[in-house]
file target-v1.cif (mmCIF, C-alpha atoms)
data_upload
loop_
_atom_site.label_atom_id
_atom_site.label_comp_id
_atom_site.auth_asym_id
_atom_site.auth_seq_id
_atom_site.Cartn_x
_atom_site.Cartn_y
_atom_site.Cartn_z
CA MET A 17 93.77 96.50 96.54
CA PRO A 18 92.53 94.38 93.67
CA THR A 19 95.06 94.15 90.88
CA ILE A 20 94.57 93.59 87.17
CA PHE A 21 97.27 92.47 84.73
CA PHE A 22 96.80 92.82 81.00
CA TYR A 23 99.21 90.89 78.76
CA GLY A 24 98.74 92.05 75.19
CA PRO A 25 99.95 94.33 72.43
CA ARG A 26 101.58 97.69 73.05
CA LEU A 27 99.02 100.47 73.42
CA ASP A 28 99.46 104.17 72.78
CA LYS A 29 98.72 106.63 75.56
CA GLU A 30 95.07 107.26 74.66
CA LYS A 31 94.30 103.55 74.47
CA SER A 32 96.18 102.84 77.70
CA LYS A 33 94.08 105.45 79.47
CA GLU A 34 90.87 104.06 78.07
CA MET A 35 91.77 100.49 79.03
CA ILE A 36 92.72 101.50 82.57
CA LYS A 37 89.63 103.64 83.05
CA ASP A 38 87.20 101.04 81.74
CA PHE A 39 88.78 98.07 83.56
CA THR A 40 88.73 100.02 86.81
CA GLU A 41 85.12 101.11 86.39
CA THR A 42 83.94 97.61 85.58
CA ALA A 43 85.87 96.06 88.44
CA SER A 44 84.76 98.69 90.93
CA GLN A 45 81.13 98.30 89.93
CA VAL A 46 81.15 94.51 90.00
CA THR A 47 82.99 94.20 93.32
CA GLY A 48 81.60 97.25 95.10
CA ILE A 49 85.15 98.30 96.02
CA GLU A 50 86.05 101.98 95.51
CA ARG A 51 87.97 102.83 92.34
CA SER A 52 90.97 104.25 94.19
CA ALA A 53 91.87 100.75 95.42
CA PHE A 54 92.50 99.31 91.94
CA VAL A 55 95.85 98.97 90.23
CA VAL A 56 96.11 97.97 86.57
CA TYR A 57 99.34 96.79 84.95
CA LEU A 58 99.60 96.86 81.17
CA ARG A 59 102.31 94.33 80.36
CA GLU A 60 103.34 94.47 76.73
CA SER A 61 103.82 91.19 74.88
CA LYS A 62 105.61 91.35 71.55
CA PRO A 63 104.51 88.87 68.88
CA GLU A 64 108.05 87.45 68.89
CA ASN A 65 107.57 86.36 72.51
CA VAL A 66 104.11 84.82 72.33
CA GLY A 67 103.02 81.42 71.12
CA VAL A 68 99.49 80.55 70.07
CA GLY A 69 98.57 76.96 69.28
CA GLY A 70 102.24 75.99 69.32
CA GLU A 71 103.36 78.60 66.79
CA LEU A 72 105.08 81.93 67.21
CA LEU A 73 102.48 84.71 67.02
CA GLU A 74 104.94 86.72 64.94
CA ASP A 75 104.80 84.04 62.25
CA LYS A 76 101.03 83.61 62.44
CA LEU A 77 100.48 87.34 61.94
CA LYS A 78 102.70 87.25 58.87
CA GLY A 79 100.70 84.36 57.51
CA THR A 80 103.85 82.28 57.50
CA MET B 23 111.80 77.13 95.44
CA PRO B 24 109.72 80.01 96.71
CA THR B 25 109.53 82.80 94.18
CA ILE B 26 108.97 86.52 94.70
CA PHE B 27 107.86 88.99 92.01
CA PHE B 28 108.21 92.71 92.53
CA TYR B 29 106.30 94.98 90.11
CA GLY B 30 107.46 98.54 90.63
CA PRO B 31 109.76 101.31 89.49
CA ARG B 32 113.13 100.69 87.87
CA LEU B 33 115.88 100.30 90.47
CA ASP B 34 119.60 100.94 90.07
CA LYS B 35 122.05 98.16 90.81
CA GLU B 36 122.64 99.01 94.47
CA LYS B 37 118.92 99.21 95.20
CA SER B 38 118.24 96.00 93.28
CA LYS B 39 120.83 94.19 95.37
CA GLU B 40 119.40 95.58 98.60
CA MET B 41 115.84 94.64 97.66
CA ILE B 42 116.84 91.10 96.68
CA LYS B 43 118.98 90.59 99.79
CA ASP B 44 116.34 91.84 102.20
CA PHE B 45 113.39 90.07 100.58
CA THR B 46 115.34 86.81 100.61
CA GLU B 47 116.40 87.20 104.23
CA THR B 48 112.88 87.99 105.37
CA ALA B 49 111.33 85.16 103.41
CA SER B 50 113.96 82.65 104.52
CA GLN B 51 113.54 83.63 108.16
CA VAL B 52 109.74 83.54 108.09
CA THR B 53 109.46 80.24 106.22
CA GLY B 54 112.50 78.44 107.62
CA ILE B 55 113.59 77.55 104.08
CA GLU B 56 117.28 78.09 103.22
CA ARG B 57 118.13 81.27 101.35
CA SER B 58 119.58 79.46 98.33
CA ALA B 59 116.09 78.25 97.38
CA PHE B 60 114.65 81.72 96.79
CA VAL B 61 114.35 83.47 93.45
CA VAL B 62 113.37 87.13 93.21
CA TYR B 63 112.20 88.78 89.99
CA LEU B 64 112.27 92.56 89.77
CA ARG B 65 109.77 93.40 87.04
CA GLU B 66 109.94 97.03 86.03
CA SER B 67 106.65 98.91 85.56
CA LYS B 68 106.85 102.25 83.81
CA PRO B 69 104.34 104.91 84.92
CA GLU B 70 102.96 104.93 81.36
CA ASN B 71 101.87 101.31 81.79
CA VAL B 72 100.29 101.45 85.24
CA GLY B 73 96.87 102.66 86.29
CA VAL B 74 95.97 103.67 89.83
CA GLY B 75 92.37 104.46 90.71
CA GLY B 76 91.44 104.45 87.03
CA GLU B 77 94.06 106.98 85.97
CA LEU B 78 97.40 106.58 84.28
CA LEU B 79 100.16 106.75 86.91
CA GLU B 80 102.21 108.86 84.50
CA ASP B 81 99.51 111.54 84.64
CA LYS B 82 99.04 111.30 88.40
CA LEU B 83 102.77 111.80 89.01
CA LYS B 84 102.70 114.89 86.81
CA GLY B 85 99.79 116.23 88.79
CA THR B 86 97.74 116.25 85.61
CA MET C 27 101.12 101.03 93.61
CA PRO C 28 104.03 98.60 93.63
CA THR C 29 102.88 95.04 93.99
CA ILE C 30 104.67 92.02 95.42
CA PHE C 31 103.71 88.39 94.83
CA PHE C 32 105.07 85.62 97.04
CA TYR C 33 104.67 82.05 95.75
CA GLY C 34 105.58 79.67 98.56
CA PRO C 35 104.35 77.48 101.39
CA ARG C 36 101.20 78.23 103.37
CA LEU C 37 101.91 80.59 106.27
CA ASP C 38 99.97 80.97 109.50
CA LYS C 39 98.57 84.36 110.44
CA GLU C 40 101.56 85.53 112.49
CA LYS C 41 104.01 84.61 109.75
CA SER C 42 101.82 86.18 107.07
CA LYS C 43 101.76 89.44 109.01
CA GLU C 44 105.52 89.38 109.52
CA MET C 45 106.18 88.68 105.83
CA ILE C 46 103.84 91.46 104.70
CA LYS C 47 105.24 93.96 107.19
CA ASP C 48 108.88 93.27 106.37
CA PHE C 49 108.43 93.13 102.59
CA THR C 50 106.56 96.42 102.68
CA GLU C 51 109.14 98.11 104.88
CA THR C 52 112.03 96.96 102.71
CA ALA C 53 110.30 97.95 99.49
CA SER C 54 109.22 101.32 100.83
CA GLN C 55 112.71 102.10 102.09
CA VAL C 56 114.47 101.02 98.90
CA THR C 57 112.09 102.79 96.52
CA GLY C 58 111.25 105.83 98.63
CA ILE C 59 107.54 105.24 97.99
CA GLU C 60 105.20 105.49 101.00
CA ARG C 61 104.18 102.20 102.62
CA SER C 62 100.47 102.73 102.02
CA ALA C 63 101.01 102.27 98.26
CA PHE C 64 102.23 98.67 98.53
CA VAL C 65 100.14 95.56 98.04
CA VAL C 66 101.50 92.10 98.87
CA TYR C 67 99.88 88.88 97.68
CA LEU C 68 100.78 85.64 99.44
CA ARG C 69 100.00 82.93 96.91
CA GLU C 70 100.17 79.47 98.43
CA SER C 71 101.90 76.74 96.46
CA LYS C 72 101.34 73.19 97.62
CA PRO C 73 104.26 70.75 97.15
CA GLU C 74 102.00 68.65 94.90
CA ASN C 75 101.81 71.56 92.44
CA VAL C 76 105.46 72.58 92.29
CA GLY C 77 108.33 71.07 90.36
CA VAL C 78 111.98 71.62 91.20
CA GLY C 79 114.67 70.32 88.89
CA GLY C 80 112.09 68.32 86.96
CA GLU C 81 110.70 66.49 89.99
CA LEU C 82 107.57 67.03 92.02
CA LEU C 83 108.47 68.93 95.19
CA GLU C 84 106.12 66.64 97.12
CA ASP C 85 108.31 63.68 96.19
CA LYS C 86 111.58 65.51 96.86
CA LEU C 87 110.44 66.48 100.36
CA LYS C 88 109.58 62.83 101.07
CA GLY C 89 113.01 61.80 99.91
CA THR C 90 111.37 59.66 97.24
CA MET D 20 92.67 78.41 77.18
CA PRO D 21 95.53 77.14 79.32
CA THR D 22 98.32 79.66 79.57
CA ILE D 23 102.04 79.12 80.16
CA PHE D 24 104.48 81.80 81.32
CA PHE D 25 108.22 81.28 81.00
CA TYR D 26 110.46 83.67 82.95
CA GLY D 27 114.03 83.15 81.82
CA PRO D 28 116.84 84.33 79.56
CA ARG D 29 116.27 85.97 76.20
CA LEU D 30 115.90 83.40 73.42
CA ASP D 31 116.58 83.85 69.73
CA LYS D 32 113.80 83.14 67.24
CA GLU D 33 114.66 79.48 66.61
CA LYS D 34 114.82 78.71 70.32
CA SER D 35 111.60 80.62 71.00
CA LYS D 36 109.83 78.55 68.37
CA GLU D 37 111.19 75.31 69.77
CA MET D 38 110.21 76.22 73.34
CA ILE D 39 106.68 77.22 72.30
CA LYS D 40 106.19 74.13 70.14
CA ASP D 41 107.43 71.69 72.76
CA PHE D 42 105.61 73.28 75.71
CA THR D 43 102.38 73.27 73.74
CA GLU D 44 102.77 69.66 72.64
CA THR D 45 103.55 68.49 76.16
CA ALA D 46 100.69 70.45 77.69
CA SER D 47 98.21 69.36 75.04
CA GLN D 48 99.16 65.73 75.42
CA VAL D 49 99.05 65.74 79.22
CA THR D 50 95.74 67.61 79.50
CA GLY D 51 93.98 66.25 76.42
CA ILE D 52 93.11 69.80 75.36
CA GLU D 53 93.65 70.71 71.71
CA ARG D 54 96.87 72.59 70.87
CA SER D 55 95.07 75.60 69.44
CA ALA D 56 93.83 76.52 72.94
CA PHE D 57 97.30 77.11 74.42
CA VAL D 58 99.03 80.43 74.76
CA VAL D 59 102.69 80.66 75.79
CA TYR D 60 104.33 83.88 77.00
CA LEU D 61 108.12 84.09 76.96
CA ARG D 62 108.93 86.78 79.52
CA GLU D 63 112.58 87.78 79.39
CA SER D 64 114.40 88.22 82.69
CA LYS D 65 117.73 89.99 82.56
CA PRO D 66 120.37 88.86 85.09
CA GLU D 67 120.38 92.40 86.49
CA ASN D 68 116.75 91.96 87.54
CA VAL D 69 116.88 88.50 89.09
CA GLY D 70 118.03 87.42 92.51
CA VAL D 71 119.05 83.88 93.38
CA GLY D 72 119.81 82.95 96.98
CA GLY D 73 119.78 86.63 97.95
CA GLU D 74 122.35 87.71 95.37
CA LEU D 75 121.98 89.42 92.04
CA LEU D 76 122.16 86.82 89.26
CA GLU D 77 124.29 89.25 87.26
CA ASP D 78 126.95 89.08 89.98
CA LYS D 79 126.70 85.33 90.40
CA LEU D 80 127.22 84.75 86.69
CA LYS D 81 130.35 86.92 86.80
CA GLY D 82 131.66 84.90 89.69
CA THR D 83 131.69 88.05 91.78
CA MET E 11 116.47 80.15 88.14
CA PRO E 12 114.06 80.14 85.22
CA THR E 13 110.49 79.77 86.34
CA ILE E 14 107.49 78.35 84.49
CA PHE E 15 103.85 78.94 85.43
CA PHE E 16 101.09 76.77 84.03
CA TYR E 17 97.51 78.03 84.41
CA GLY E 18 95.14 75.26 83.45
CA PRO E 19 92.95 72.40 84.64
CA ARG E 20 93.68 70.38 87.77
CA LEU E 21 96.04 67.49 87.07
CA ASP E 22 96.39 64.23 88.97
CA LYS E 23 99.77 63.28 90.38
CA GLU E 24 100.97 61.25 87.39
CA LYS E 25 100.08 64.02 84.95
CA SER E 26 101.63 66.68 87.18
CA LYS E 27 104.89 64.71 87.24
CA GLU E 28 104.85 64.26 83.48
CA MET E 29 104.16 67.96 82.86
CA ILE E 30 106.93 69.06 85.23
CA LYS E 31 109.44 66.57 83.84
CA ASP E 32 108.77 67.42 80.21
CA PHE E 33 108.63 71.21 80.68
CA THR E 34 111.91 71.10 82.58
CA GLU E 35 113.63 68.93 79.99
CA THR E 36 112.48 71.12 77.12
CA ALA E 37 113.47 74.32 78.88
CA SER E 38 116.83 72.97 79.98
CA GLN E 39 117.64 71.74 76.50
CA VAL E 40 116.58 74.95 74.75
CA THR E 41 118.34 77.31 77.18
CA GLY E 42 121.38 75.18 78.02
CA ILE E 43 120.74 75.80 81.73
CA GLU E 44 120.96 72.77 84.04
CA ARG E 45 117.67 71.13 85.01
CA SER E 46 118.17 71.72 88.73
CA ALA E 47 117.71 75.47 88.22
CA PHE E 48 114.11 75.22 86.96
CA VAL E 49 110.99 75.69 89.04
CA VAL E 50 107.55 74.88 87.65
CA TYR E 51 104.30 76.06 89.23
CA LEU E 52 101.08 74.29 88.29
CA ARG E 53 98.35 76.84 89.07
CA GLU E 54 94.90 75.30 88.87
CA SER E 55 92.18 77.31 87.13
CA LYS E 56 88.63 76.15 87.64
CA PRO E 57 86.21 76.63 84.71
CA GLU E 58 84.12 78.86 86.96
CA ASN E 59 87.00 81.32 87.20
CA VAL E 60 88.07 81.50 83.57
CA GLY E 61 86.60 83.45 80.70
CA VAL E 62 87.19 82.64 77.05
CA GLY E 63 85.92 84.98 74.36
CA GLY E 64 83.89 86.88 76.93
CA GLU E 65 82.04 83.85 78.29
CA LEU E 66 82.54 81.79 81.40
CA LEU E 67 84.45 78.62 80.50
CA GLU E 68 82.15 76.68 82.82
CA ASP E 69 79.21 77.62 80.59
CA LYS E 70 81.08 76.97 77.35
CA LEU E 71 82.04 73.45 78.48
CA LYS E 72 78.39 72.73 79.30
CA GLY E 73 77.40 73.89 75.85
CA THR E 74 75.24 76.54 77.49
CA MET F 5 95.71 85.75 72.65
CA PRO F 6 95.72 88.64 75.09
CA THR F 7 95.32 87.49 78.66
CA ILE F 8 93.87 89.30 81.67
CA PHE F 9 94.41 88.35 85.31
CA PHE F 10 92.20 89.73 88.05
CA TYR F 11 93.43 89.32 91.64
CA GLY F 12 90.64 90.25 94.00
CA PRO F 13 87.76 89.03 96.14
CA ARG F 14 85.73 85.91 95.38
CA LEU F 15 82.88 86.63 92.98
CA ASP F 16 79.63 84.74 92.58
CA LYS F 17 78.71 83.36 89.18
CA GLU F 18 76.70 86.35 87.98
CA LYS F 19 79.46 88.79 88.92
CA SER F 20 82.13 86.57 87.38
CA LYS F 21 80.21 86.53 84.11
CA GLU F 22 79.76 90.30 84.16
CA MET F 23 83.44 90.93 84.89
CA ILE F 24 84.58 88.57 82.13
CA LYS F 25 82.12 89.99 79.60
CA ASP F 26 82.96 93.62 80.30
CA PHE F 27 86.75 93.14 80.48
CA THR F 28 86.66 91.27 77.18
CA GLU F 29 84.51 93.86 75.47
CA THR F 30 86.69 96.73 76.66
CA ALA F 31 89.91 94.98 75.70
CA SER F 32 88.60 93.89 72.32
CA GLN F 33 87.38 97.38 71.51
CA VAL F 34 90.58 99.12 72.63
CA THR F 35 92.95 96.73 70.88
CA GLY F 36 90.86 95.91 67.80
CA ILE F 37 91.46 92.19 68.42
CA GLU F 38 88.44 89.88 68.14
CA ARG F 39 86.78 88.88 71.41
CA SER F 40 87.34 85.16 70.89
CA ALA F 41 91.09 85.66 71.39
CA PHE F 42 90.81 86.88 74.99
CA VAL F 43 91.24 84.80 78.10
CA VAL F 44 90.39 86.17 81.55
CA TYR F 45 91.54 84.54 84.78
CA LEU F 46 89.75 85.46 88.00
CA ARG F 47 92.25 84.65 90.75
CA GLU F 48 90.70 84.83 94.17
CA SER F 49 92.67 86.55 96.93
CA LYS F 50 91.47 86.01 100.47
CA PRO F 51 91.93 88.90 102.90
CA GLU F 52 94.14 86.62 105.02
CA ASN F 53 96.61 86.41 102.15
CA VAL F 54 96.82 90.05 101.12
CA GLY F 55 98.75 92.91 102.66
CA VAL F 56 97.94 96.56 102.09
CA GLY F 57 100.27 99.24 103.41
CA GLY F 58 102.16 96.65 105.44
CA GLU F 59 99.12 95.27 107.24
CA LEU F 60 97.05 92.18 106.69
CA LEU F 61 93.90 93.09 104.74
CA GLU F 62 91.94 90.75 107.01
CA ASP F 63 92.84 92.94 109.97
CA LYS F 64 92.21 96.20 108.14
CA LEU F 65 88.71 95.09 107.12
CA LYS F 66 87.95 94.24 110.76
CA GLY F 67 89.15 97.64 111.81
CA THR F 68 91.78 95.98 113.99
#

call {"tool": "encode", "arguments": {"input": "target-v1.cif", "output": "structure tokens"}}
result
Amino acid sequence: MPTIFFYGPRLDKEKSKEMIKDFTETASQVTGIERSAFVVYLRESKPENVGVGGELLEDKLKGT
Amino acid sequence: MPTIFFYGPRLDKEKSKEMIKDFTETASQVTGIERSAFVVYLRESKPENVGVGGELLEDKLKGT
Amino acid sequence: MPTIFFYGPRLDKEKSKEMIKDFTETASQVTGIERSAFVVYLRESKPENVGVGGELLEDKLKGT
Amino acid sequence: MPTIFFYGPRLDKEKSKEMIKDFTETASQVTGIERSAFVVYLRESKPENVGVGGELLEDKLKGT
Amino acid sequence: MPTIFFYGPRLDKEKSKEMIKDFTETASQVTGIERSAFVVYLRESKPENVGVGGELLEDKLKGT
Amino acid sequence: MPTIFFYGPRLDKEKSKEMIKDFTETASQVTGIERSAFVVYLRESKPENVGVGGELLEDKLKGT
């Protein structure tokens, strides 16, 4: 039943699969809980909805 | 002020209303807090952004 | 795989069981997904760590 | 490293910037942690996916 | 109904009140939604349960 | 700025470090974002506060 949330950039299908596979393997190994019990949520965060250090990430990425 | 988050499939309007009504009734009854204090967030999770047992849910649903 | 988070007061064991059972039944019925796929997290929120309307809930409950 | 999540209505760019700037300033001042360590996530919640007091917010806003 | 979650260090009562008051004022002003609709959750994160840049925050703070 | 939340059992210090290190490495590699930008929160969930398939995890683990 452990659950992992990832808030970050949008990932294509190959990268999503890799992230989910690796997170689940790590978490299963570290906790000793079988892989089938893990759920991973990839929650996309667009740079226009994230702030880092008080500034919009969208602006920071543009070097504004 | 209690708050409920539901991460799951997209629901149409009738199902959203039913989920919100029933969650709120249950939670109000169990806690003894008035219904008006509850907020429910339905957070859609697409099968392409969820991993179960290390695999992409999108692939599991397709039987891939 | 749907996941439900409840942020609210501490519940004793009987109430926790009731909340989990009812949430799961509602969610399973509304979505058509089997009950075994649902995970519910009861996340306790103490009144000293919650704000409602700009005030500490702890103070509101005391009528301060 | 502190992290702030805001679940609420969609904000235009100017309002997003203001929210992020003010949240970060407040949180930095109150905690004494430098501003660069704070991340703010603005998570949009549409009225069709929120329940308040057991009713869909979308319906409440329409006065239905 | 907007909801704010703050994941960060433990705050004493005065600081909790200040954080809640200021977050709520900012959010109410930016969104135009009345203050009474806002809920703020202060979720304590101990340095032994946080990782920054791949390292335990507890170790980073000790300069280890 | 990506952020990872892990809801699961309590981990000792060595396991916490391993989880944080591996999650960060995976996420950095998959996204191409530098490791220093990642924050990981390990959020403990006690079996008395988790429901799986409508039952309390505490009871399931006991075979009740």

call {"tool": "interface_residues", "arguments": {"input": "target-v1.cif", "of": "chain B", "to": "chain D", "cutoff": "12 Å", "atoms": "all atoms listed in the file", "output": "PyMOL selection string"}}
result
chain B and resi 23-50+55-66

call {"tool": "atom_distance", "arguments": {"input": "target-v1.cif", "atom1": "atom CA of B:Thr53", "atom2": "atom CA of C:Leu87"}}
result
15.0 Å

call {"tool": "atom_distance", "arguments": {"input": "target-v1.cif", "atom1": "atom CA of A:Gly48", "atom2": "atom CA of F:Lys66"}}
result
17.2 Å

call {"tool": "atom_distance", "arguments": {"input": "target-v1.cif", "atom1": "atom CA of C:Val56", "atom2": "atom CA of F:Gly67"}}
result
28.6 Å

call {"tool": "calpha_fit_and_write", "arguments": {"input": "target-v1.cif", "fixed": "chain E", "moving": "chain F", "output": "PDB file with C-alpha atoms, in the coordinates of the input"}}
result
ATOM      1  CA  MET F   5     116.493  80.101  88.130  1.00  0.00           C
ATOM      2  CA  PRO F   6     114.080  80.134  85.218  1.00  0.00           C
ATOM      3  CA  THR F   7     110.495  79.772  86.335  1.00  0.00           C
ATOM      4  CA  ILE F   8     107.487  78.352  84.499  1.00  0.00           C
ATOM      5  CA  PHE F   9     103.844  78.930  85.415  1.00  0.00           C
ATOM      6  CA  PHE F  10     101.094  76.747  84.011  1.00  0.00           C
ATOM      7  CA  TYR F  11      97.514  78.015  84.388  1.00  0.00           C
ATOM      8  CA  GLY F  12      95.134  75.248  83.438  1.00  0.00           C
ATOM      9  CA  PRO F  13      92.953  72.392  84.640  1.00  0.00           C
ATOM     10  CA  ARG F  14      93.663  70.357  87.769  1.00  0.00           C
ATOM     11  CA  LEU F  15      96.040  67.481  87.073  1.00  0.00           C
ATOM     12  CA  ASP F  16      96.389  64.229  88.969  1.00  0.00           C
ATOM     13  CA  LYS F  17      99.766  63.275  90.381  1.00  0.00           C
ATOM     14  CA  GLU F  18     100.973  61.250  87.403  1.00  0.00           C
ATOM     15  CA  LYS F  19     100.084  64.018  84.953  1.00  0.00           C
ATOM     16  CA  SER F  20     101.631  66.674  87.185  1.00  0.00           C
ATOM     17  CA  LYS F  21     104.881  64.720  87.256  1.00  0.00           C
ATOM     18  CA  GLU F  22     104.861  64.267  83.486  1.00  0.00           C
ATOM     19  CA  MET F  23     104.175  67.954  82.847  1.00  0.00           C
ATOM     20  CA  ILE F  24     106.924  69.067  85.231  1.00  0.00           C
ATOM     21  CA  LYS F  25     109.442  66.580  83.837  1.00  0.00           C
ATOM     22  CA  ASP F  26     108.784  67.424  80.200  1.00  0.00           C
ATOM     23  CA  PHE F  27     108.639  71.216  80.675  1.00  0.00           C
ATOM     24  CA  THR F  28     111.920  71.094  82.576  1.00  0.00           C
ATOM     25  CA  GLU F  29     113.632  68.924  80.003  1.00  0.00           C
ATOM     26  CA  THR F  30     112.491  71.114  77.121  1.00  0.00           C
ATOM     27  CA  ALA F  31     113.468  74.325  78.877  1.00  0.00           C
ATOM     28  CA  SER F  32     116.824  72.981  79.999  1.00  0.00           C
ATOM     29  CA  GLN F  33     117.653  71.750  76.517  1.00  0.00           C
ATOM     30  CA  VAL F  34     116.583  74.960  74.765  1.00  0.00           C
ATOM     31  CA  THR F  35     118.335  77.314  77.169  1.00  0.00           C
ATOM     32  CA  GLY F  36     121.385  75.193  78.019  1.00  0.00           C
ATOM     33  CA  ILE F  37     120.738  75.802  81.733  1.00  0.00           C
ATOM     34  CA  GLU F  38     120.965  72.781  84.047  1.00  0.00           C
ATOM     35  CA  ARG F  39     117.669  71.156  85.018  1.00  0.00           C
ATOM     36  CA  SER F  40     118.161  71.714  88.743  1.00  0.00           C
ATOM     37  CA  ALA F  41     117.704  75.468  88.235  1.00  0.00           C
ATOM     38  CA  PHE F  42     114.113  75.225  86.982  1.00  0.00           C
ATOM     39  CA  VAL F  43     110.988  75.688  89.033  1.00  0.00           C
ATOM     40  CA  VAL F  44     107.542  74.873  87.632  1.00  0.00           C
ATOM     41  CA  TYR F  45     104.310  76.058  89.232  1.00  0.00           C
ATOM     42  CA  LEU F  46     101.080  74.300  88.284  1.00  0.00           C
ATOM     43  CA  ARG F  47      98.349  76.829  89.066  1.00  0.00           C
ATOM     44  CA  GLU F  48      94.915  75.315  88.856  1.00  0.00           C
ATOM     45  CA  SER F  49      92.191  77.312  87.109  1.00  0.00           C
ATOM     46  CA  LYS F  50      88.634  76.149  87.618  1.00  0.00           C
ATOM     47  CA  PRO F  51      86.236  76.632  84.705  1.00  0.00           C
ATOM     48  CA  GLU F  52      84.118  78.865  86.964  1.00  0.00           C
ATOM     49  CA  ASN F  53      87.011  81.306  87.198  1.00  0.00           C
ATOM     50  CA  VAL F  54      88.077  81.502  83.568  1.00  0.00           C
ATOM     51  CA  GLY F  55      86.583  83.445  80.692  1.00  0.00           C
ATOM     52  CA  VAL F  56      87.178  82.627  77.048  1.00  0.00           C
ATOM     53  CA  GLY F  57      85.907  84.968  74.355  1.00  0.00           C
ATOM     54  CA  GLY F  58      83.873  86.881  76.924  1.00  0.00           C
ATOM     55  CA  GLU F  59      82.029  83.861  78.290  1.00  0.00           C
ATOM     56  CA  LEU F  60      82.529  81.788  81.387  1.00  0.00           C
ATOM     57  CA  LEU F  61      84.455  78.617  80.497  1.00  0.00           C
ATOM     58  CA  GLU F  62      82.143  76.683  82.817  1.00  0.00           C
ATOM     59  CA  ASP F  63      79.213  77.611  80.600  1.00  0.00           C
ATOM     60  CA  LYS F  64      81.066  76.960  77.357  1.00  0.00           C
ATOM     61  CA  LEU F  65      82.039  73.450  78.479  1.00  0.00           C
ATOM     62  CA  LYS F  66      78.384  72.729  79.296  1.00  0.00           C
ATOM     63  CA  GLY F  67      77.378  73.937  75.886  1.00  0.00           C
ATOM     64  CA  THR F  68      75.210  76.590  77.523  1.00  0.00           C
TER      65      THR F  68
END

call {"tool": "build_atoms", "arguments": {"input": "target-v1.cif", "residues": "stretch 20-24 of chain F", "atoms": "all heavy atoms", "output": "CSV table (one decimal), in the coordinates of the input"}}
result
chain,number,residue,atom,x,y,z
F,20,SER,N,81.0,87.1,88.2
F,20,SER,CA,82.1,86.6,87.4
F,20,SER,C,81.8,86.8,85.9
F,20,SER,O,82.7,87.2,85.1
F,20,SER,CB,82.4,85.1,87.7
F,20,SER,OG,82.8,84.9,89.0
F,21,LYS,N,80.6,86.4,85.5
F,21,LYS,CA,80.2,86.5,84.1
F,21,LYS,C,80.3,88.0,83.6
F,21,LYS,O,80.7,88.3,82.5
F,21,LYS,CB,78.8,86.0,83.9
F,21,LYS,CG,78.8,84.5,83.9
F,21,LYS,CD,77.3,83.9,84.0
F,21,LYS,CE,76.6,84.0,82.6
F,21,LYS,NZ,75.4,83.2,82.7
F,22,GLU,N,79.8,88.9,84.5
F,22,GLU,CA,79.8,90.3,84.2
F,22,GLU,C,81.2,90.8,84.0
F,22,GLU,O,81.5,91.6,83.0
F,22,GLU,CB,79.0,91.1,85.3
F,22,GLU,CG,78.6,92.4,84.9
F,22,GLU,CD,77.9,93.2,86.1
F,22,GLU,OE1,77.4,92.5,87.0
F,22,GLU,OE2,78.0,94.4,86.1
F,23,MET,N,82.0,90.5,84.9
F,23,MET,CA,83.4,90.9,84.9
F,23,MET,C,84.1,90.4,83.6
F,23,MET,O,84.8,91.2,82.9
F,23,MET,CB,84.2,90.4,86.1
F,23,MET,CG,85.6,90.9,86.3
F,23,MET,SD,85.6,92.5,87.2
F,23,MET,CE,85.9,91.8,88.9
F,24,ILE,N,83.9,89.2,83.3
F,24,ILE,CA,84.6,88.6,82.1
F,24,ILE,C,84.0,89.2,80.9
F,24,ILE,O,84.8,89.5,79.9
F,24,ILE,CB,84.3,87.0,82.1
F,24,ILE,CG1,85.2,86.4,83.2
F,24,ILE,CG2,84.5,86.4,80.8
F,24,ILE,CD1,84.9,85.0,83.5
